[in-house]
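This report refers to the structure that appears directly beneath it.
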Amino acid sequence: MDQDTRRSGPSRRHTFTGGGPQSHYDHQLLDLARVTRVVKGGRRFRFRASVIVGDRAGHVGFGVGKSKDVQQAIQKAQNQASKRVVAVVLKKGTIAHTITAKFKGGTVMLKPARPGTGIIAGGTVRTVADLAGITDLVSKAYGSSNRINNAQATIKALSLLMNK
């Protein structure tokens, strides 16, 4: 008998279940960019993926991952985002009060809205609000149009909300 047939338990190679910390979160790709590093022999290309995760019930997170492969970059970003999830205080499908937050060059203002209004926001803020479970919101993004900075500013604003 060889070594493999005498094992009593499963081999380590086959124990991967495919789940993980992000398995109960929905995710959405915010941005995918090909980034370049210039070296002596030429250019080296990698991919940078920005992903937002959320459970549509008051939890949302953001992550960035880089890799030579697109799928691996997205997976790294999902893993990072699921580790950085923040809780959002929801009040009847909207936020409790008006709040403004700044991250680097991006500034975001979020205002509560009446039921039935929907999410009135730009692409980045809309994605974050939707994955956080917010159904009614009015927002305005000032300054930079950088998606990563606006996503970070939105998450910062949602994490600073107080229950009033």
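Naming works like this for the structure tokens: A, B, ... for the chains as they're shown, residue 1 at the start of each chain, ligands 1 onward in shown order.
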Please provide as an MDAnalysis selection string all residues within 10 Å of stretch 144-157 of chain A, with the sequence filter that same-chain residues fewer than 6 positions apart are discarded (counting only C-alpha atoms).
-> chainID A and resid 30:31 50:52 60:64 85:88 98:110 122:129 132
Give the alpha helix (DSSP H) residues of chain A, as assigned by DSSP on the backbone, as number ranges by chain.
-> A: 70-83, 123-132, 147-159
Could you check which of A:Ile95, A:Ile119, A:Ala49, A:Leu160 is closest to A:Asp136, using only C-alpha atoms?
->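 Among the listed residues, A:Ile119 lies closest to A:Asp136.
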Counting only C-alpha atoms, which of A:His97, A:Met162, A:Arg44, A:Lys92 gets nearest to A:Val138?
-> A:His97
So what do you get for atom CA of A:Gly65 versus atom CA of A:Leu32, distance-wise?
-> 9.8 Å
Would you kindly return, as a ChimeraX atom specification, each protein, DNA or RNA residue with an atom no farther than 12 Å from any atom of A:Thr94, considering only C-alpha atoms and excluding same-chain residues fewer than 3 positions away?
-> /A:57-58,88-91,97-98,110-120,129-130,132-139,158,161,163
Selection file, C-alpha atoms, as a PDB file, in the first residue's frame:
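This went into selection-v8.pdb:
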```pdb
ATOM      1  CA  ALA A  57     -29.269  45.134   6.270  1.00  0.00           C
ATOM      2  CA  GLY A  58     -27.003  47.776   7.801  1.00  0.00           C
ATOM      3  CA  VAL A  88     -24.854  51.611   9.615  1.00  0.00           C
ATOM      4  CA  VAL A  89     -27.651  52.996  11.788  1.00  0.00           C
ATOM      5  CA  LEU A  90     -30.834  52.777   9.712  1.00  0.00           C
ATOM      6  CA  LYS A  91     -34.106  54.473  10.605  1.00  0.00           C
ATOM      7  CA  HIS A  97     -29.711  62.798  10.246  1.00  0.00           C
ATOM      8  CA  THR A  98     -27.774  64.860   7.717  1.00  0.00           C
ATOM      9  CA  LEU A 110     -25.901  62.572   2.929  1.00  0.00           C
ATOM     10  CA  LYS A 111     -29.438  63.635   3.873  1.00  0.00           C
ATOM     11  CA  PRO A 112     -32.355  61.500   5.038  1.00  0.00           C
ATOM     12  CA  ALA A 113     -35.339  61.303   2.686  1.00  0.00           C
ATOM     13  CA  ARG A 114     -39.040  60.516   3.025  1.00  0.00           C
ATOM     14  CA  PRO A 115     -40.255  56.982   2.296  1.00  0.00           C
ATOM     15  CA  GLY A 116     -40.712  56.415  -1.431  1.00  0.00           C
ATOM     16  CA  THR A 117     -38.048  58.910  -2.493  1.00  0.00           C
ATOM     17  CA  GLY A 118     -35.476  56.285  -3.453  1.00  0.00           C
ATOM     18  CA  ILE A 119     -31.726  56.799  -3.607  1.00  0.00           C
ATOM     19  CA  ILE A 120     -30.910  60.114  -5.239  1.00  0.00           C
ATOM     20  CA  ALA A 129     -26.112  53.062  -0.031  1.00  0.00           C
ATOM     21  CA  ASP A 130     -27.796  50.175  -1.853  1.00  0.00           C
ATOM     22  CA  ALA A 132     -25.879  49.102   3.079  1.00  0.00           C
ATOM     23  CA  GLY A 133     -29.652  48.606   2.882  1.00  0.00           C
ATOM     24  CA  ILE A 134     -30.644  52.254   2.591  1.00  0.00           C
ATOM     25  CA  THR A 135     -33.787  52.698   0.478  1.00  0.00           C
ATOM     26  CA  ASP A 136     -34.378  56.483   0.730  1.00  0.00           C
ATOM     27  CA  LEU A 137     -31.484  58.951   0.600  1.00  0.00           C
ATOM     28  CA  VAL A 138     -30.488  62.277  -0.955  1.00  0.00           C
ATOM     29  CA  SER A 139     -26.787  62.958  -1.439  1.00  0.00           C
ATOM     30  CA  LEU A 158     -22.273  56.202   7.376  1.00  0.00           C
ATOM     31  CA  LEU A 161     -24.050  58.381  12.059  1.00  0.00           C
ATOM     32  CA  ASN A 163     -28.962  57.028  16.516  1.00  0.00           C
TER      33      ASN A 163
END
```
Among the residues A:Ala121, A:Ala81, A:Ala33, A:Ala96, the one that comes closest to A:Val53 [using only C-alpha atoms] | A:Ala81
Of the listed residues A:Lys40, A:Arg56, A:Gln71, A:Tyr25, that which approaches A:Lys83 most closely, counting only C-alpha atoms | A:Tyr25
Between atom CA of A:Arg84 and atom CA of A:Arg37, measure the distance and give it in Å to one decimal.
->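 Here the two named atoms are 27.5 Å from each other.
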Write down as number ranges by chain the residues of stretch 59-155 of chain A whose backbone DSSP state falls under strand (DSSP E).
-> A: 59-67, 86-87, 99-103, 106-112, 119-120, 137-143
Using atom CA of A:Lys66 and atom CA of A:Gly54 as the two end points, give the distance in Å to one decimal.
->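 Distance between the two atoms: 20.7 Å.
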